[in-house]
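Undergrad: Before anything else, here's the structure in question.
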Amino acid sequence: MCGIIGYVGFREAEPVLLQGLRRLEYRGYDSAGVATLTGANLHVRKKAGRVADLADHLHKHPAPGCIGIGHTRWATHGGATDRNAHPHLGGKGDIVIVHNGVIENYAALKSQLQADGVVFHSDTDTEVIAHLIARQDEDDLVEAIRRVLPLLKGTYGLAVLSLREPGVLVGARLGSPLVLGIGDGENFLASDPSALADHAERVVYLDDHQLCVLTADDWHILDRDRTRITPEVQPLVNTAASLDTGVFSHYMLKEIYEQPEALENALRGRLDEANATAHFGGLNLEPQRLRQIDRIILTACGTSYHAALVGEYLFEEFARMPVEVEYASEFRYRNSPLDRNTIVIAITQSGETADTLAALRESKRKGHPTLALCNVVGSTIAREADGGVYLHAGPEIGVASTKAFTNQVAVLAMLALYFGRLRHLSSLQGEQMIRELQALPDQIRRTLSCHERIQSIARQYAWKRNFLYLGRQYLFPVALEGALKLKEISYIHAEGYPAAEMKHGPLALIDADTPSVFLVPRNSVYDKVLSNLEEVKARGGPILAIASEGDDEIAERADEVVYVPQVADHLQPLVTVVPLQLLAYHIALLCGRDVDKPRNLAKSVTVE
Ligand code: F6R
């Protein structure tokens, strides 16, 4: 989704801004632009398309100056065109801004401004903010911005430059992340710390309703009353190594291959063999309080929601606790009766997903204890939850989530173990779960050896237009996840279903051109899934089975089989999801898709 980079210092801003924008590309966008300032001139350059298109444009029309702002835009209001790309000028061209987020009351504000004779040059909500700031009879940029912010309904991360205060860069945040990077004789502003890699070693995350004021030699944070805040300055975790694809052709493939190591990082230090349980540093809830919890709500979006569905089975089986899984976008507006011993757990890779954040805030407002399972350290959700567990998957750049899913499921399994051991789960059962978890990274390494086989299967199936993914129990969420992976990066229609539901409707879809991917490793429902498989086969549907090593029987029933190591039922999501990720990857490649940056999608969904 949209990305912001800002710079003020002693160097030419343009290359710094371009590099920051390249770092933000993974978030998903459809246009990019920069604005720099020299003397009494603002230089605005923007282009629909990729950052590379903007770089070409800048080659012919450079943007000089040692202060500037840049933006990658993911279209919300108005198409992906040059004129809608940020930055946007306000007034007579003396204010320039970039904006992440959505201004919900922009139409009303725009009508008022137009009635006053303001001429608009774009279809964006953002341009409203630029004109409002420019219209304040105020040379002090911070003051002008402060007067406008209360007029805005919605969310914003803003970076603003003004000809009236040429050496000053101002940022403001409500609901859309901003981070300030501290340099030596130079300072930076970004929506995502990855844009600051190589530049700043120390960062400050802004909170909602805060502003930041940056000059080359100084910076400070203000609250909405303009009182200076003493913020926490944190080291910037160096992510630079993860920011290129290394020997892999895409981030997605690299991240699929990183899963065994990512998993080791998630497990490290958290399995307590002596007490046959798991432990976590940041739950911030005493075991006595956790013991009183009698209901769990897991809330998330997209792939993280699928991990939450696996979590539901895990908590019910091992902790014997009732669990509900809610789409964050629905949960945030529902008035579900929750009693006071309900804990709400938000699951998110980015820690910035707008709906998940809103669901977390609503739960906190109602007084429920909240936990967050987050990957991005220092993200808004990680900071706002009462407690949490980091996923330690490392930066995930590919838009399609892979290793974050694996680590979410692993962390949920450890939490289920921990909650279970606070209740009835015996030490023998706890020890067994620990051994199974410890063995997983190597089992996933082994699973990756199916890569070539998947590649050849993908060649046969890439031209089909519809797929079904079918599984039961722990593997139903994996069926959903496999279908999501395929549709988001290959643009081929796919549905995930509980295998036994087929006969209640979807079986009508089956024909020789509609492959079904069956998740059928040996487990407690193996025979049942085999019957479901036969029902599809009897109707002429091609079948690709993901099965346990050593299962020769399945080879006679399915058209293609991919074998994965035999693991305990509750850990099967982790080994079966890997071939599905690879299948989606190879089909998307064969379809000529931009695997890491699929159309219309963003890595971090910071609007509602
Ligand atoms: C799919 C995918 C998305 C995200 C969803 C939630 O591959 O990546 O469905 O899972 O947008 O994002 P997070 O986990 O950052 O809250």
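Residue numbers start at 1 in each chain; chains themselves are named A, B, ... in the order of the structure tokens; ligands are numbered from 1 in the order shown.
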If the limit is 9 Å from any atom of ligand 1, counting only C-alpha atoms and all ligand atoms, which residues qualify? Return them as an NGL selection string.

TA: :A and (300-306 or 346-357 or 374-376 or 398-402 or 404-405 or 481 or 484-485 or 488-489 or 601-605)

Undergrad: Within region 100-240 of chain A, find each residue whose DSSP state, derived from the backbone, is helix (DSSP H, G or I), and express the selection as a PyMOL selection string.

TA: chain A and resi 106-115+126-135+141-151+193-196+240

Undergrad: Neighbours of region 457-469 of chain A within 8 Å (only C-alpha atoms; same-chain residues fewer than 3 positions away dropped), as a count of residues only?

TA: 26

Undergrad: Please return, as a PyMOL selection string, all residues of region 389-553 of chain A that DSSP assigns to strand (DSSP E or B) on the basis of the backbone.

TA: chain A and resi 389-390+466-471+493-498+516-519+543-548

Undergrad: Neighbours of Phe188 (chain A) within 7 Å (only C-alpha atoms; same-chain residues fewer than 2 positions away dropped), as a list in words?

TA: Gly6, Tyr7, Val8, Leu180, Gly181, Ile182, Glu186 and Ala190 of chain A

Undergrad: Deliver the residues from the most recent selection as a file, using N, CA and C atoms, as a PDB file, in the first residue's frame.

TA:
ATOM      1  N   GLY A   6      10.858  10.693   3.339  1.00  0.00           N
ATOM      2  CA  GLY A   6      11.194  12.119   3.393  1.00  0.00           C
ATOM      3  C   GLY A   6      12.650  12.283   3.788  1.00  0.00           C
ATOM      4  N   TYR A   7      13.279  13.360   3.314  1.00  0.00           N
ATOM      5  CA  TYR A   7      14.697  13.580   3.632  1.00  0.00           C
ATOM      6  C   TYR A   7      14.961  15.062   3.815  1.00  0.00           C
ATOM      7  N   VAL A   8      15.792  15.386   4.810  1.00  0.00           N
ATOM      8  CA  VAL A   8      16.360  16.726   4.923  1.00  0.00           C
ATOM      9  C   VAL A   8      17.790  16.561   5.434  1.00  0.00           C
ATOM     10  N   LEU A 180      10.532   8.060  12.158  1.00  0.00           N
ATOM     11  CA  LEU A 180      11.539   9.084  11.915  1.00  0.00           C
ATOM     12  C   LEU A 180      12.908   8.417  12.021  1.00  0.00           C
ATOM     13  N   GLY A 181      13.772   8.650  11.056  1.00  0.00           N
ATOM     14  CA  GLY A 181      15.116   8.071  11.091  1.00  0.00           C
ATOM     15  C   GLY A 181      16.125   9.158  11.416  1.00  0.00           C
ATOM     16  N   ILE A 182      16.970   8.880  12.419  1.00  0.00           N
ATOM     17  CA  ILE A 182      17.899   9.912  12.886  1.00  0.00           C
ATOM     18  C   ILE A 182      19.266   9.693  12.262  1.00  0.00           C
ATOM     19  N   GLU A 186      21.571  14.938   9.025  1.00  0.00           N
ATOM     20  CA  GLU A 186      20.465  14.627   8.113  1.00  0.00           C
ATOM     21  C   GLU A 186      19.425  13.803   8.874  1.00  0.00           C
ATOM     22  N   ALA A 190       9.714   8.116   7.177  1.00  0.00           N
ATOM     23  CA  ALA A 190       9.219   7.044   6.299  1.00  0.00           C
ATOM     24  C   ALA A 190       7.970   6.429   6.907  1.00  0.00           C
TER      25      ALA A 190
END

Undergrad: Quick one: residues within 8 Å of Asn407 (chain A), only C-alpha atoms counted, chain neighbours fewer than 4 positions away excluded, as number ranges by chain?

TA: A: 262-263, 266, 391-393, 403, 411

Undergrad: Using N, CA, C and O atoms, can you export the residues from the last selection as a tab-separated table (two decimals), in the first residue's frame?

TA:
chain	number	residue	atom	x	y	z
A	262	ALA	N	13.25	-19.77	9.47
A	262	ALA	CA	12.32	-18.86	10.15
A	262	ALA	C	11.63	-19.58	11.31
A	262	ALA	O	11.46	-19.05	12.40
A	263	LEU	N	11.31	-20.83	11.05
A	263	LEU	CA	10.65	-21.64	12.07
A	263	LEU	C	11.58	-21.87	13.27
A	263	LEU	O	11.17	-21.76	14.44
A	266	ALA	N	11.48	-18.89	15.33
A	266	ALA	CA	10.23	-18.75	16.11
A	266	ALA	C	10.25	-19.65	17.35
A	266	ALA	O	9.74	-19.30	18.41
A	391	LEU	N	6.82	-12.99	15.70
A	391	LEU	CA	6.89	-14.21	14.89
A	391	LEU	C	8.31	-14.58	14.50
A	391	LEU	O	8.59	-15.73	14.18
A	392	HIS	N	9.20	-13.59	14.47
A	392	HIS	CA	10.62	-13.81	14.11
A	392	HIS	C	10.78	-14.49	12.75
A	392	HIS	O	11.67	-15.32	12.57
A	393	ALA	N	9.92	-14.15	11.80
A	393	ALA	CA	10.06	-14.73	10.46
A	393	ALA	C	11.06	-13.96	9.61
A	393	ALA	O	11.42	-14.39	8.53
A	403	LYS	N	6.26	-17.35	4.75
A	403	LYS	CA	6.93	-17.74	5.99
A	403	LYS	C	6.24	-17.13	7.22
A	403	LYS	O	6.34	-17.69	8.32
A	411	VAL	N	3.68	-20.41	16.27
A	411	VAL	CA	3.50	-19.67	17.53
A	411	VAL	C	2.14	-20.04	18.16
A	411	VAL	O	2.04	-20.20	19.38

Undergrad: Restricting the calculation to only C-alpha atoms, which member of A:Gly79, A:Gly68, A:Pro62, A:Pro579 is positioned closest to Gln455 (chain A)?

TA: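 Using only C-alpha atoms, the shortest distance to Gln455 (chain A) belongs to A:Pro579.
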
Undergrad: I'd like to know which of A:Val409, A:Ala172, A:Ile343, A:Leu189 is closest to Gly387 (chain A), using only C-alpha atoms.

TA: A:Ile343

Undergrad: Report, in Å with one decimal, the straight-line distance from CA of Gly541 (chain A) to CA of Leu574 (chain A).

TA: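 These two atoms are separated by 26.4 Å.
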
Undergrad: Which neighbours of region 148-165 of chain A fall inside 9 Å, counting only C-alpha atoms, when residues of the same chain fewer than 4 positions from it are skipped, and could you give them as a PyMOL selection string?

TA: chain A and resi 4-6+35-42+67-70+93-106+109+129-130+132-134+136+139-141+143-144+169-178+189-191+209+606-607

Undergrad: Hey, which of A:Val34, A:Val575, A:Val536, A:Leu509 ends up closest to Thr72 (chain A)? Count only C-alpha atoms.

TA: A:Val34

Undergrad: So which one's closest to Leu589 (chain A), A:Pro322, A:Leu271, A:His250, A:Phe476? Using only C-alpha atoms, please.

TA: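 Closest to Leu589 (chain A) of all the choices is A:His250.
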
Undergrad: Looking at only C-alpha atoms, which of A:Leu298, A:Ile444, A:Val179, A:Leu507 is the one that sits closest to Leu571 (chain A)?

TA: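 The answer is A:Ile444, which sits nearest to Leu571 (chain A).
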
Undergrad: Do you know which residues are at most 10 Å from Arg332 (chain A) counting only C-alpha atoms, after dropping those on the same chain fewer than 4 positions away, and could you put them as JSON, numbers by chain?

TA: {"A": [299, 326, 327, 328, 336, 355, 356, 357, 358, 359, 360, 361, 362, 363]}
